[in-house]
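Data file: my_file14.pdb. Format and content: PDB, C-alpha atoms and all ligand atoms.
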```pdb
ATOM      1  CA  MET A   1      12.517 -35.295 139.573
ATOM      2  CA  THR A   2      11.748 -37.251 136.382
ATOM      3  CA  PRO A   3      12.954 -34.655 133.786
ATOM      4  CA  TYR A   4      16.130 -34.112 135.836
ATOM      5  CA  ILE A   5      16.795 -37.881 136.017
ATOM      6  CA  GLU A   6      16.087 -38.259 132.284
ATOM      7  CA  GLY A   7      18.596 -35.485 131.561
ATOM      8  CA  ILE A   8      21.403 -37.355 133.359
ATOM      9  CA  ILE A   9      20.423 -40.633 131.656
ATOM     10  CA  ASN A  10      20.532 -39.093 128.176
ATOM     11  CA  ASP A  11      23.902 -37.434 128.886
ATOM     12  CA  LEU A  12      25.383 -40.758 130.020
ATOM     13  CA  ILE A  13      24.006 -42.581 126.965
ATOM     14  CA  ASP A  14      25.391 -39.840 124.670
ATOM     15  CA  GLY A  15      28.812 -40.725 126.098
ATOM     16  CA  PHE A  16      28.797 -44.281 124.701
ATOM     17  CA  ILE A  17      26.010 -44.648 122.114
ATOM     18  CA  ASP A  18      28.254 -44.214 119.056
ATOM     19  CA  LYS A  19      30.451 -47.151 120.136
ATOM     20  CA  GLY A  20      27.562 -49.643 119.861
ATOM     21  CA  THR A  21      28.822 -51.316 123.010
ATOM     22  CA  VAL A  22      29.044 -50.461 126.709
ATOM     23  CA  GLU A  23      30.340 -51.876 129.981
ATOM     24  CA  PHE A  24      27.016 -51.010 131.546
ATOM     25  CA  VAL A  25      28.026 -51.152 135.240
ATOM     26  CA  SER A  26      30.951 -48.706 135.151
ATOM     27  CA  GLU A  27      29.699 -46.476 132.314
ATOM     28  CA  PHE A  28      26.077 -46.160 133.406
ATOM     29  CA  ALA A  29      24.778 -48.040 136.459
ATOM     30  CA  VAL A  30      27.425 -46.609 138.813
ATOM     31  CA  PRO A  31      27.425 -42.976 137.580
ATOM     32  CA  LEU A  32      23.624 -42.469 137.350
ATOM     33  CA  PRO A  33      22.654 -42.973 141.021
ATOM     34  CA  THR A  34      26.007 -41.614 142.243
ATOM     35  CA  LEU A  35      25.503 -38.311 140.394
ATOM     36  CA  VAL A  36      21.883 -38.117 141.605
ATOM     37  CA  ILE A  37      22.872 -38.615 145.239
ATOM     38  CA  ALA A  38      25.810 -36.160 144.958
ATOM     39  CA  ASP A  39      23.427 -33.515 143.567
ATOM     40  CA  GLN A  40      20.881 -34.174 146.307
ATOM     41  CA  PHE A  41      23.476 -33.988 149.078
ATOM     42  CA  GLY A  42      24.869 -30.799 147.515
ATOM     43  CA  VAL A  43      28.342 -32.284 146.981
ATOM     44  CA  PRO A  44      30.174 -31.211 143.774
ATOM     45  CA  ARG A  45      29.860 -33.822 141.003
ATOM     46  CA  GLU A  46      33.670 -34.117 140.748
ATOM     47  CA  GLU A  47      33.559 -35.600 144.258
ATOM     48  CA  ALA A  48      30.991 -38.283 143.343
ATOM     49  CA  PRO A  49      33.721 -40.964 142.899
ATOM     50  CA  LYS A  50      34.747 -40.332 146.510
ATOM     51  CA  LEU A  51      31.192 -41.115 147.671
ATOM     52  CA  LYS A  52      31.378 -44.380 145.762
ATOM     53  CA  PHE A  53      34.774 -45.234 147.280
ATOM     54  CA  TRP A  54      33.480 -44.664 150.839
ATOM     55  CA  SER A  55      30.297 -46.571 150.179
ATOM     56  CA  ASP A  56      32.195 -49.527 148.630
ATOM     57  CA  ALA A  57      34.246 -49.882 151.803
ATOM     58  CA  ALA A  58      31.154 -49.733 154.034
ATOM     59  CA  MET A  59      29.345 -52.302 151.873
ATOM     60  CA  GLU A  60      32.312 -54.640 151.960
ATOM     61  CA  ALA A  61      32.356 -54.553 155.768
ATOM     62  CA  LEU A  62      28.572 -54.962 156.012
ATOM     63  CA  GLY A  63      28.731 -58.015 153.738
ATOM     64  CA  LEU A  64      30.776 -59.699 156.513
ATOM     65  CA  MET A  65      32.958 -61.770 154.193
ATOM     66  CA  ILE A  66      36.282 -59.966 154.651
ATOM     67  CA  GLU A  67      39.610 -60.499 156.431
ATOM     68  CA  PRO A  68      40.224 -58.618 159.724
ATOM     69  CA  ALA A  69      43.007 -56.487 158.185
ATOM     70  CA  ARG A  70      40.703 -55.318 155.412
ATOM     71  CA  GLU A  71      37.931 -54.688 157.962
ATOM     72  CA  LEU A  72      40.305 -52.352 159.808
ATOM     73  CA  GLU A  73      41.107 -50.592 156.546
ATOM     74  CA  CYS A  74      37.353 -50.199 155.864
ATOM     75  CA  ALA A  75      36.926 -48.655 159.341
ATOM     76  CA  ARG A  76      39.696 -46.142 158.535
ATOM     77  CA  ILE A  77      37.925 -45.257 155.292
ATOM     78  CA  ALA A  78      34.634 -44.785 157.228
ATOM     79  CA  ILE A  79      36.395 -42.295 159.520
ATOM     80  CA  GLU A  80      37.702 -40.395 156.481
ATOM     81  CA  ALA A  81      34.090 -40.139 155.219
ATOM     82  CA  GLN A  82      32.924 -38.915 158.631
ATOM     83  CA  HIS A  83      35.532 -36.120 158.653
ATOM     84  CA  TYR A  84      34.460 -35.057 155.180
ATOM     85  CA  PHE A  85      30.758 -34.920 156.100
ATOM     86  CA  ALA A  86      31.373 -33.269 159.490
ATOM     87  CA  ASN A  87      33.023 -30.418 157.551
ATOM     88  CA  GLN A  88      30.108 -30.287 155.122
ATOM     89  CA  PHE A  89      27.595 -30.098 158.013
ATOM     90  CA  GLU A  90      29.579 -27.313 159.735
ATOM     91  CA  ASP A  91      29.774 -25.411 156.444
ATOM     92  CA  ARG A  92      25.972 -25.625 155.856
ATOM     93  CA  ARG A  93      25.200 -24.454 159.399
ATOM     94  CA  GLU A  94      27.026 -21.230 158.446
ATOM     95  CA  ASN A  95      26.002 -21.107 154.752
ATOM     96  CA  PRO A  96      22.716 -22.953 154.212
ATOM     97  CA  ARG A  97      21.842 -23.857 150.601
ATOM     98  CA  ASP A  98      19.060 -25.663 148.798
ATOM     99  CA  ASP A  99      20.405 -29.183 149.417
ATOM    100  CA  MET A 100      19.901 -32.207 151.658
ATOM    101  CA  ILE A 101      22.908 -31.497 153.893
ATOM    102  CA  SER A 102      21.446 -28.043 154.705
ATOM    103  CA  ASP A 103      18.021 -29.618 155.379
ATOM    104  CA  LEU A 104      19.571 -32.106 157.795
ATOM    105  CA  VAL A 105      21.354 -29.451 159.894
ATOM    106  CA  ALA A 106      18.413 -26.998 159.881
ATOM    107  CA  PRO A 107      16.446 -26.728 163.151
ATOM    108  CA  PRO A 108      13.226 -28.813 162.779
ATOM    109  CA  PRO A 109      10.164 -26.608 162.078
ATOM    110  CA  ASP A 110       8.310 -28.085 165.104
ATOM    111  CA  GLY A 111      10.866 -26.519 167.465
ATOM    112  CA  SER A 112      12.386 -29.872 168.545
ATOM    113  CA  GLU A 113      16.140 -30.303 169.038
ATOM    114  CA  PRO A 114      18.289 -30.307 165.866
ATOM    115  CA  MET A 115      20.224 -33.527 165.276
ATOM    116  CA  SER A 116      23.555 -33.930 167.079
ATOM    117  CA  MET A 117      26.716 -34.407 164.981
ATOM    118  CA  GLN A 118      26.643 -38.107 165.885
ATOM    119  CA  GLU A 119      23.058 -38.430 164.623
ATOM    120  CA  LEU A 120      23.882 -36.452 161.476
ATOM    121  CA  LEU A 121      26.828 -38.690 160.671
ATOM    122  CA  ASP A 122      24.743 -41.798 161.297
ATOM    123  CA  MET A 123      22.041 -40.464 158.954
ATOM    124  CA  MET A 124      24.703 -39.737 156.359
ATOM    125  CA  SER A 125      26.142 -43.210 156.578
ATOM    126  CA  GLN A 126      22.635 -44.718 156.063
ATOM    127  CA  LEU A 127      22.115 -42.555 152.983
ATOM    128  CA  LEU A 128      25.593 -43.241 151.663
ATOM    129  CA  ASN A 129      25.302 -46.998 152.169
ATOM    130  CA  GLY A 130      21.667 -47.418 151.135
ATOM    131  CA  GLY A 131      21.417 -44.611 148.663
ATOM    132  CA  PHE A 132      22.963 -45.604 145.397
ATOM    133  CA  GLN A 133      24.761 -48.946 145.113
ATOM    134  CA  THR A 134      21.430 -50.695 145.539
ATOM    135  CA  THR A 135      20.140 -48.806 142.500
ATOM    136  CA  THR A 136      23.348 -49.647 140.586
ATOM    137  CA  ALA A 137      22.686 -53.319 141.352
ATOM    138  CA  ALA A 138      19.019 -53.153 140.335
ATOM    139  CA  LEU A 139      19.866 -51.557 136.971
ATOM    140  CA  GLY A 140      22.480 -54.197 136.080
ATOM    141  CA  LEU A 141      20.346 -57.106 137.281
ATOM    142  CA  GLY A 142      17.365 -55.776 135.320
ATOM    143  CA  TRP A 143      19.366 -55.790 132.080
ATOM    144  CA  LYS A 144      20.758 -59.242 132.830
ATOM    145  CA  LEU A 145      17.210 -60.608 133.121
ATOM    146  CA  LEU A 146      16.024 -58.888 129.933
ATOM    147  CA  LEU A 147      19.016 -60.078 127.906
ATOM    148  CA  GLU A 148      18.480 -63.623 129.125
ATOM    149  CA  HIS A 149      14.782 -63.406 128.126
ATOM    150  CA  PRO A 150      14.596 -61.605 124.751
ATOM    151  CA  GLU A 151      10.892 -62.522 124.413
ATOM    152  CA  GLN A 152      10.194 -60.452 127.547
ATOM    153  CA  MET A 153      12.195 -57.553 126.093
ATOM    154  CA  SER A 154       9.985 -57.720 122.972
ATOM    155  CA  ARG A 155       6.920 -57.414 125.189
ATOM    156  CA  LEU A 156       8.322 -54.226 126.729
ATOM    157  CA  ARG A 157       9.067 -52.836 123.276
ATOM    158  CA  GLU A 158       5.497 -53.569 122.193
ATOM    159  CA  LYS A 159       3.970 -52.232 125.404
ATOM    160  CA  PRO A 160       6.276 -49.746 127.202
ATOM    161  CA  GLU A 161       3.506 -49.200 129.771
ATOM    162  CA  LEU A 162       4.624 -52.574 131.222
ATOM    163  CA  ILE A 163       8.001 -51.109 132.264
ATOM    164  CA  PRO A 164       6.930 -50.115 135.831
ATOM    165  CA  ASN A 165       5.660 -53.682 136.402
ATOM    166  CA  PHE A 166       8.861 -55.115 134.911
ATOM    167  CA  VAL A 167      10.830 -52.994 137.419
ATOM    168  CA  GLU A 168       8.861 -54.564 140.291
ATOM    169  CA  GLU A 169       9.504 -58.042 138.871
ATOM    170  CA  VAL A 170      13.274 -57.336 138.737
ATOM    171  CA  LEU A 171      13.202 -56.195 142.371
ATOM    172  CA  ARG A 172      11.241 -59.326 143.342
ATOM    173  CA  LEU A 173      13.361 -61.856 141.488
ATOM    174  CA  GLU A 174      16.832 -60.355 141.982
ATOM    175  CA  THR A 175      16.366 -58.528 145.331
ATOM    176  CA  PRO A 176      19.483 -56.260 145.401
ATOM    177  CA  VAL A 177      19.417 -56.200 149.237
ATOM    178  CA  GLN A 178      19.161 -59.931 149.885
ATOM    179  CA  ALA A 179      19.268 -59.705 153.674
ATOM    180  CA  LEU A 180      19.556 -57.400 156.680
ATOM    181  CA  PHE A 181      19.954 -57.933 160.405
ATOM    182  CA  ARG A 182      17.499 -57.566 163.292
ATOM    183  CA  LYS A 183      17.583 -58.025 167.059
ATOM    184  CA  VAL A 184      14.476 -59.781 168.416
ATOM    185  CA  THR A 185      12.863 -57.592 171.122
ATOM    186  CA  GLU A 186      10.466 -60.186 172.594
ATOM    187  CA  ASP A 187      10.074 -63.962 172.647
ATOM    188  CA  THR A 188       8.544 -64.806 169.270
ATOM    189  CA  ARG A 189       7.200 -67.896 167.502
ATOM    190  CA  LEU A 190       7.441 -67.660 163.719
ATOM    191  CA  GLY A 191       6.673 -70.428 161.210
ATOM    192  CA  GLY A 192       6.737 -72.967 164.043
ATOM    193  CA  VAL A 193      10.168 -71.842 165.305
ATOM    194  CA  ASP A 194      10.781 -70.266 168.726
ATOM    195  CA  ILE A 195      13.036 -67.196 168.562
ATOM    196  CA  PRO A 196      14.111 -65.948 172.014
ATOM    197  CA  LYS A 197      14.214 -62.273 172.989
ATOM    198  CA  GLY A 198      17.681 -60.849 172.290
ATOM    199  CA  ALA A 199      18.445 -63.243 169.415
ATOM    200  CA  GLU A 200      20.116 -61.740 166.377
ATOM    201  CA  VAL A 201      18.474 -62.843 163.150
ATOM    202  CA  ILE A 202      19.017 -62.291 159.455
ATOM    203  CA  LEU A 203      15.899 -61.357 157.467
ATOM    204  CA  LEU A 204      16.160 -62.869 153.998
ATOM    205  CA  TYR A 205      14.188 -60.556 151.708
ATOM    206  CA  GLY A 206      15.427 -62.620 148.745
ATOM    207  CA  SER A 207      13.734 -65.703 150.191
ATOM    208  CA  ALA A 208      10.475 -63.878 151.004
ATOM    209  CA  ASN A 209      10.361 -62.698 147.396
ATOM    210  CA  ARG A 210      10.285 -66.330 146.220
ATOM    211  CA  ASP A 211       7.608 -67.441 148.677
ATOM    212  CA  GLU A 212       5.473 -70.060 146.874
ATOM    213  CA  GLU A 213       2.490 -69.134 149.035
ATOM    214  CA  LYS A 214       2.647 -65.569 147.768
ATOM    215  CA  PHE A 215       3.790 -65.858 144.137
ATOM    216  CA  ASP A 216       2.876 -68.389 141.417
ATOM    217  CA  ASP A 217       5.723 -70.152 139.646
ATOM    218  CA  VAL A 218       8.215 -68.178 141.750
ATOM    219  CA  GLU A 219      11.342 -68.755 139.661
ATOM    220  CA  ARG A 220       9.751 -67.497 136.443
ATOM    221  CA  PHE A 221      10.623 -64.002 135.194
ATOM    222  CA  ASP A 222       7.380 -62.468 133.939
ATOM    223  CA  VAL A 223       7.077 -58.769 133.135
ATOM    224  CA  CYS A 224       3.267 -59.175 133.247
ATOM    225  CA  ARG A 225       3.138 -60.834 136.709
ATOM    226  CA  LYS A 226       0.007 -59.458 138.365
ATOM    227  CA  ASN A 227       1.308 -59.145 141.931
ATOM    228  CA  ALA A 228       5.008 -58.420 141.156
ATOM    229  CA  GLY A 229       4.794 -55.300 143.355
ATOM    230  CA  ALA A 230       3.955 -57.393 146.454
ATOM    231  CA  HIS A 231       7.699 -58.044 146.999
ATOM    232  CA  LEU A 232       9.680 -57.021 150.081
ATOM    233  CA  ALA A 233      12.779 -55.737 148.251
ATOM    234  CA  PHE A 234      12.428 -52.346 150.003
ATOM    235  CA  GLY A 235      11.561 -53.868 153.405
ATOM    236  CA  ALA A 236       8.342 -53.046 155.237
ATOM    237  CA  GLY A 237       7.027 -51.051 158.179
ATOM    238  CA  THR A 238       8.800 -48.211 159.996
ATOM    239  CA  HIS A 239      12.077 -48.761 158.189
ATOM    240  CA  PHE A 240      10.597 -49.089 154.690
ATOM    241  CA  CYS A 241      13.199 -47.709 152.269
ATOM    242  CA  PRO A 242      12.754 -43.920 151.948
ATOM    243  CA  GLY A 243      14.557 -44.034 148.572
ATOM    244  CA  ALA A 244      12.123 -46.509 146.980
ATOM    245  CA  MET A 245      10.382 -43.971 144.738
ATOM    246  CA  LEU A 246      13.658 -42.432 143.614
ATOM    247  CA  ALA A 247      15.149 -45.841 142.803
ATOM    248  CA  ARG A 248      12.001 -46.894 140.924
ATOM    249  CA  GLN A 249      12.056 -43.714 138.827
ATOM    250  CA  GLU A 250      15.751 -44.128 137.982
ATOM    251  CA  MET A 251      14.985 -47.683 136.828
ATOM    252  CA  ILE A 252      11.819 -46.841 134.868
ATOM    253  CA  SER A 253      13.468 -43.910 133.055
ATOM    254  CA  THR A 254      16.625 -45.924 132.286
ATOM    255  CA  PHE A 255      14.829 -48.865 130.675
ATOM    256  CA  THR A 256      12.356 -46.615 128.849
ATOM    257  CA  ILE A 257      15.080 -44.418 127.327
ATOM    258  CA  MET A 258      17.520 -47.221 126.484
ATOM    259  CA  LEU A 259      14.815 -49.296 124.736
ATOM    260  CA  ASP A 260      13.847 -46.152 122.870
ATOM    261  CA  ARG A 261      17.364 -45.205 121.758
ATOM    262  CA  MET A 262      18.776 -48.681 120.978
ATOM    263  CA  ASP A 263      17.904 -51.730 118.878
ATOM    264  CA  ASP A 264      19.327 -55.290 118.873
ATOM    265  CA  ILE A 265      20.402 -55.066 122.518
ATOM    266  CA  GLN A 266      22.284 -58.210 123.555
ATOM    267  CA  PHE A 267      25.189 -59.536 125.623
ATOM    268  CA  ALA A 268      28.500 -58.451 124.067
ATOM    269  CA  PRO A 269      31.027 -61.245 123.297
ATOM    270  CA  GLU A 270      33.262 -60.141 126.238
ATOM    271  CA  GLN A 271      30.526 -61.021 128.736
ATOM    272  CA  ASP A 272      31.482 -64.420 130.210
ATOM    273  CA  ASP A 273      30.205 -65.773 133.486
ATOM    274  CA  PHE A 274      28.574 -63.340 135.858
ATOM    275  CA  ASP A 275      30.754 -62.277 138.741
ATOM    276  CA  PHE A 276      29.026 -61.308 142.006
ATOM    277  CA  PRO A 277      31.293 -59.784 144.706
ATOM    278  CA  PRO A 278      30.942 -61.963 147.843
ATOM    279  CA  SER A 279      28.430 -60.532 150.332
ATOM    280  CA  LEU A 280      25.780 -61.791 152.755
ATOM    281  CA  VAL A 281      23.747 -58.660 152.111
ATOM    282  CA  HIS A 282      24.080 -57.328 148.581
ATOM    283  CA  ARG A 283      23.609 -58.861 145.172
ATOM    284  CA  ASN A 284      25.479 -56.808 142.604
ATOM    285  CA  LEU A 285      27.133 -57.448 139.230
ATOM    286  CA  ARG A 286      30.791 -56.512 138.806
ATOM    287  CA  THR A 287      30.496 -56.010 135.036
ATOM    288  CA  LEU A 288      27.913 -56.287 132.279
ATOM    289  CA  HIS A 289      29.030 -55.940 128.653
ATOM    290  CA  ILE A 290      26.206 -55.048 126.272
ATOM    291  CA  SER A 291      26.154 -54.466 122.506
ATOM    292  CA  PHE A 292      23.417 -52.672 120.527
ATOM    293  CA  THR A 293      22.603 -50.737 117.373
ATOM    294  CA  PRO A 294      22.024 -47.022 117.975
ATOM    295  CA  ARG A 295      18.726 -45.741 116.573
TER     296      ARG A 295
HETATM  297  C1  LIG B 301      16.729 -50.515 144.175
HETATM  298  C2  LIG B 301      17.227 -49.721 145.096
HETATM  299  C3  LIG B 301      17.047 -49.911 146.590
HETATM  300  C4  LIG B 301      16.782 -51.059 147.301
HETATM  301  C5  LIG B 301      16.590 -52.478 146.784
HETATM  302  C6  LIG B 301      16.717 -50.674 148.708
HETATM  303  C7  LIG B 301      16.432 -51.550 149.745
HETATM  304  C8  LIG B 301      16.297 -51.182 151.069
HETATM  305  C9  LIG B 301      15.953 -52.069 152.148
HETATM  306  C10 LIG B 301      15.674 -53.575 152.014
HETATM  307  C11 LIG B 301      15.936 -51.349 153.289
HETATM  308  C12 LIG B 301      15.652 -51.864 154.699
HETATM  309  C13 LIG B 301      14.201 -51.789 155.034
HETATM  310  C14 LIG B 301      13.917 -52.445 156.356
HETATM  311  O1  LIG B 301      14.770 -52.408 157.255
HETATM  312  O2  LIG B 301      12.819 -52.993 156.497
HETATM  313  C15 LIG B 301      16.285 -49.983 152.951
HETATM  314  C16 LIG B 301      16.405 -48.961 153.844
HETATM  315  C17 LIG B 301      16.920 -47.722 153.529
HETATM  316  N1  LIG B 301      17.157 -47.222 152.271
HETATM  317 FE1  LIG B 301      16.935 -48.220 150.523
HETATM  318  N2  LIG B 301      16.953 -49.319 148.800
HETATM  319  C18 LIG B 301      17.150 -48.809 147.544
HETATM  320  C19 LIG B 301      17.403 -47.485 147.205
HETATM  321  C20 LIG B 301      17.602 -46.467 148.113
HETATM  322  C21 LIG B 301      17.874 -45.079 147.766
HETATM  323  C22 LIG B 301      17.946 -44.527 146.350
HETATM  324  C23 LIG B 301      18.043 -44.399 148.957
HETATM  325  C24 LIG B 301      18.346 -42.948 149.230
HETATM  326  C25 LIG B 301      18.328 -41.997 148.377
HETATM  327  C26 LIG B 301      17.872 -45.360 150.036
HETATM  328  C27 LIG B 301      17.995 -45.077 151.377
HETATM  329  C28 LIG B 301      17.659 -45.943 152.395
HETATM  330  C29 LIG B 301      17.742 -45.587 153.821
HETATM  331  C30 LIG B 301      18.214 -44.266 154.397
HETATM  332  C31 LIG B 301      17.263 -46.711 154.534
HETATM  333  C32 LIG B 301      17.133 -46.857 156.047
HETATM  334  C33 LIG B 301      15.701 -46.589 156.458
HETATM  335  C34 LIG B 301      15.438 -46.837 157.919
HETATM  336  O3  LIG B 301      16.138 -47.653 158.545
HETATM  337  O4  LIG B 301      14.491 -46.243 158.458
HETATM  338  N3  LIG B 301      17.599 -46.588 149.486
HETATM  339  N4  LIG B 301      16.482 -49.903 151.580
END
```

Taking this structure as input, can you express it in the form of structure tokens?
Amino acid sequence: MTPYIEGIINDLIDGFIDKGTVEFVSEFAVPLPTLVIADQFGVPREEAPKLKFWSDAAMEALGLMIEPARELECARIAIEAQHYFANQFEDRRENPRDDMISDLVAPPPDGSEPMSMQELLDMMSQLLNGGFQTTTAALGLGWKLLLEHPEQMSRLREKPELIPNFVEEVLRLETPVQALFRKVTEDTRLGGVDIPKGAEVILLYGSANRDEEKFDDVERFDVCRKNAGAHLAFGAGTHFCPGAMLARQEMISTFTIMLDRMDDIQFAPEQDDFDFPPSLVHRNLRTLHISFTPR
């Protein structure tokens, strides 16, 4: 998918490069993964903002820090999304195409039962909620780190082959999904603490990624860190993120192309304090103003 991803990246950059400045979150980090996921689903690009609207509401509810009235509103929005996708699934059963929605409704090749509508909608909500805002966050947080550490940006300019390792270091240090929930299925002792069967726990990936026993000098941002890729930002085991390779490629291509097409990249004067929407789960920037000289 790399040439396809690079095509979208270059089109988005063409849209702002002559200005010499960009609000990176709304003009790039939101549209890139949203357009990619819309194309993969087989939803028209004009409807991509709707996907973002539905996903925002789901994220807000998942982050747990909202008022009951707003939670109800988010539930209503989730039902609107379900109606939309139920129609899409019905349509692809009749008119299959080369897209992910058609693949999901198709009978499995091993002859097992196709997914029920409830399973399909659940799958869709996982893809919608996991599938692009996490990448938006990783892109913004990656630039924030580079702009705060210009000496590390120079290293990437000198040696672009370090960019994949830099991407791993961003995921380690910023961890866009800071935490997720689990139910303990058997009595467990972990790090000297007894956790009874049935307990609900929060796994803090962000904490694991700063484990002093695993990483040297954990707070330091180092694009050359040898074991940067040993992070848990995509989880582990059965539920390891199926979008990890896609997200990595979107990040690698973005930083490669932007460093190639722009010089003197820095925070623009409008960028004040960083504003992170409140959430127990996600770490995401609201805005990121950047200035640069087009090449
Ligand atoms: C930088 C971007 C991303 C980050 C940090 C991220 C992080 C995660 C994490 C921490 C999990 C949970 C793993 C676990 O439970 O152990 C997960 C699961 C998941 N992710 Fe991602 N993700 C990213 C991008 C994506 C993309 C691009 C897609 C889809 C195109 C995606 C789809 C999913 C799905 C469907 C799951 C649920 C998997 C399951 O429960 O079996 N993610 N992701």

Counting only C-alpha atoms and all ligand atoms, which residues of chain A fall within 9 Å of ligand LIG 301 (chain B), and what is the closest atom pair for each with its distance in Å at one decimal, ordered by chain and rising number, as JSON lines?
```
{"residue": "A:Pro33", "atom": "CA", "partner": "B:LIG301", "partner_atom": "C22", "distance": 7.3}
{"residue": "A:Val36", "atom": "CA", "partner": "B:LIG301", "partner_atom": "C25", "distance": 8.6}
{"residue": "A:Ile37", "atom": "CA", "partner": "B:LIG301", "partner_atom": "C25", "distance": 6.5}
{"residue": "A:Gln40", "atom": "CA", "partner": "B:LIG301", "partner_atom": "C25", "distance": 8.5}
{"residue": "A:Met123", "atom": "CA", "partner": "B:LIG301", "partner_atom": "C30", "distance": 7.1}
{"residue": "A:Met124", "atom": "CA", "partner": "B:LIG301", "partner_atom": "C30", "distance": 8.2}
{"residue": "A:Ser125", "atom": "CA", "partner": "B:LIG301", "partner_atom": "C30", "distance": 8.3}
{"residue": "A:Gln126", "atom": "CA", "partner": "B:LIG301", "partner_atom": "C30", "distance": 4.7}
{"residue": "A:Leu127", "atom": "CA", "partner": "B:LIG301", "partner_atom": "C30", "distance": 4.5}
{"residue": "A:Leu128", "atom": "CA", "partner": "B:LIG301", "partner_atom": "C24", "distance": 7.7}
{"residue": "A:Asn129", "atom": "CA", "partner": "B:LIG301", "partner_atom": "C27", "distance": 7.6}
{"residue": "A:Gly130", "atom": "CA", "partner": "B:LIG301", "partner_atom": "C27", "distance": 4.4}
{"residue": "A:Gly131", "atom": "CA", "partner": "B:LIG301", "partner_atom": "C23", "distance": 3.4}
{"residue": "A:Phe132", "atom": "CA", "partner": "B:LIG301", "partner_atom": "C22", "distance": 5.2}
{"residue": "A:Gln133", "atom": "CA", "partner": "B:LIG301", "partner_atom": "C2", "distance": 7.6}
{"residue": "A:Thr134", "atom": "CA", "partner": "B:LIG301", "partner_atom": "C2", "distance": 4.3}
{"residue": "A:Thr135", "atom": "CA", "partner": "B:LIG301", "partner_atom": "C2", "distance": 4.0}
{"residue": "A:Thr136", "atom": "CA", "partner": "B:LIG301", "partner_atom": "C1", "distance": 7.6}
{"residue": "A:Ala137", "atom": "CA", "partner": "B:LIG301", "partner_atom": "C1", "distance": 7.2}
{"residue": "A:Ala138", "atom": "CA", "partner": "B:LIG301", "partner_atom": "C1", "distance": 5.2}
{"residue": "A:Leu139", "atom": "CA", "partner": "B:LIG301", "partner_atom": "C1", "distance": 7.9}
{"residue": "A:Leu171", "atom": "CA", "partner": "B:LIG301", "partner_atom": "C5", "distance": 6.7}
{"residue": "A:Thr175", "atom": "CA", "partner": "B:LIG301", "partner_atom": "C5", "distance": 6.2}
{"residue": "A:Pro176", "atom": "CA", "partner": "B:LIG301", "partner_atom": "C5", "distance": 5.0}
{"residue": "A:Val177", "atom": "CA", "partner": "B:LIG301", "partner_atom": "C5", "distance": 5.3}
{"residue": "A:Gln178", "atom": "CA", "partner": "B:LIG301", "partner_atom": "C10", "distance": 7.6}
{"residue": "A:Ala179", "atom": "CA", "partner": "B:LIG301", "partner_atom": "C10", "distance": 7.3}
{"residue": "A:Leu180", "atom": "CA", "partner": "B:LIG301", "partner_atom": "O1", "distance": 6.9}
{"residue": "A:Phe181", "atom": "CA", "partner": "B:LIG301", "partner_atom": "O1", "distance": 8.2}
{"residue": "A:Arg182", "atom": "CA", "partner": "B:LIG301", "partner_atom": "O1", "distance": 8.4}
{"residue": "A:Leu203", "atom": "CA", "partner": "B:LIG301", "partner_atom": "O2", "distance": 9.0}
{"residue": "A:Tyr205", "atom": "CA", "partner": "B:LIG301", "partner_atom": "C10", "distance": 7.1}
{"residue": "A:Leu232", "atom": "CA", "partner": "B:LIG301", "partner_atom": "C10", "distance": 7.2}
{"residue": "A:Ala233", "atom": "CA", "partner": "B:LIG301", "partner_atom": "C10", "distance": 5.2}
{"residue": "A:Phe234", "atom": "CA", "partner": "B:LIG301", "partner_atom": "C10", "distance": 4.0}
{"residue": "A:Gly235", "atom": "CA", "partner": "B:LIG301", "partner_atom": "O2", "distance": 3.5}
{"residue": "A:Ala236", "atom": "CA", "partner": "B:LIG301", "partner_atom": "O2", "distance": 4.7}
{"residue": "A:Gly237", "atom": "CA", "partner": "B:LIG301", "partner_atom": "O2", "distance": 6.3}
{"residue": "A:Thr238", "atom": "CA", "partner": "B:LIG301", "partner_atom": "O4", "distance": 6.2}
{"residue": "A:His239", "atom": "CA", "partner": "B:LIG301", "partner_atom": "O4", "distance": 3.5}
{"residue": "A:Phe240", "atom": "CA", "partner": "B:LIG301", "partner_atom": "C13", "distance": 4.5}
{"residue": "A:Cys241", "atom": "CA", "partner": "B:LIG301", "partner_atom": "C16", "distance": 3.8}
{"residue": "A:Pro242", "atom": "CA", "partner": "B:LIG301", "partner_atom": "C28", "distance": 5.3}
{"residue": "A:Gly243", "atom": "CA", "partner": "B:LIG301", "partner_atom": "C23", "distance": 3.5}
{"residue": "A:Ala244", "atom": "CA", "partner": "B:LIG301", "partner_atom": "C19", "distance": 5.4}
{"residue": "A:Met245", "atom": "CA", "partner": "B:LIG301", "partner_atom": "C22", "distance": 7.8}
{"residue": "A:Leu246", "atom": "CA", "partner": "B:LIG301", "partner_atom": "C22", "distance": 5.5}
{"residue": "A:Ala247", "atom": "CA", "partner": "B:LIG301", "partner_atom": "C22", "distance": 4.7}
{"residue": "A:Arg248", "atom": "CA", "partner": "B:LIG301", "partner_atom": "C1", "distance": 6.8}
{"residue": "A:Glu250", "atom": "CA", "partner": "B:LIG301", "partner_atom": "C22", "distance": 8.7}
{"residue": "A:Met251", "atom": "CA", "partner": "B:LIG301", "partner_atom": "C1", "distance": 8.1}
```

Translate the PyMOL selection byres (((chain A and resi 32) around 8) and not hetatm) into a concrete residue list for this structure, as a PyMOL selection string. chain A and resi 8-9+12+28-31+33-36+136

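For the pair atom CA of Gly20 of chain A and atom CA of Phe292 of chain A, the interatomic distance is 5.2 Å.
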
Edge lengths and centre in Å, axis-aligned, segment 106-110 of chain A plus 4 Å each side, as JSON:
```
{"center_x": 13.4, "center_y": -27.7, "center_z": 162.5, "size_x": 18.1, "size_y": 10.2, "size_z": 13.2}
```
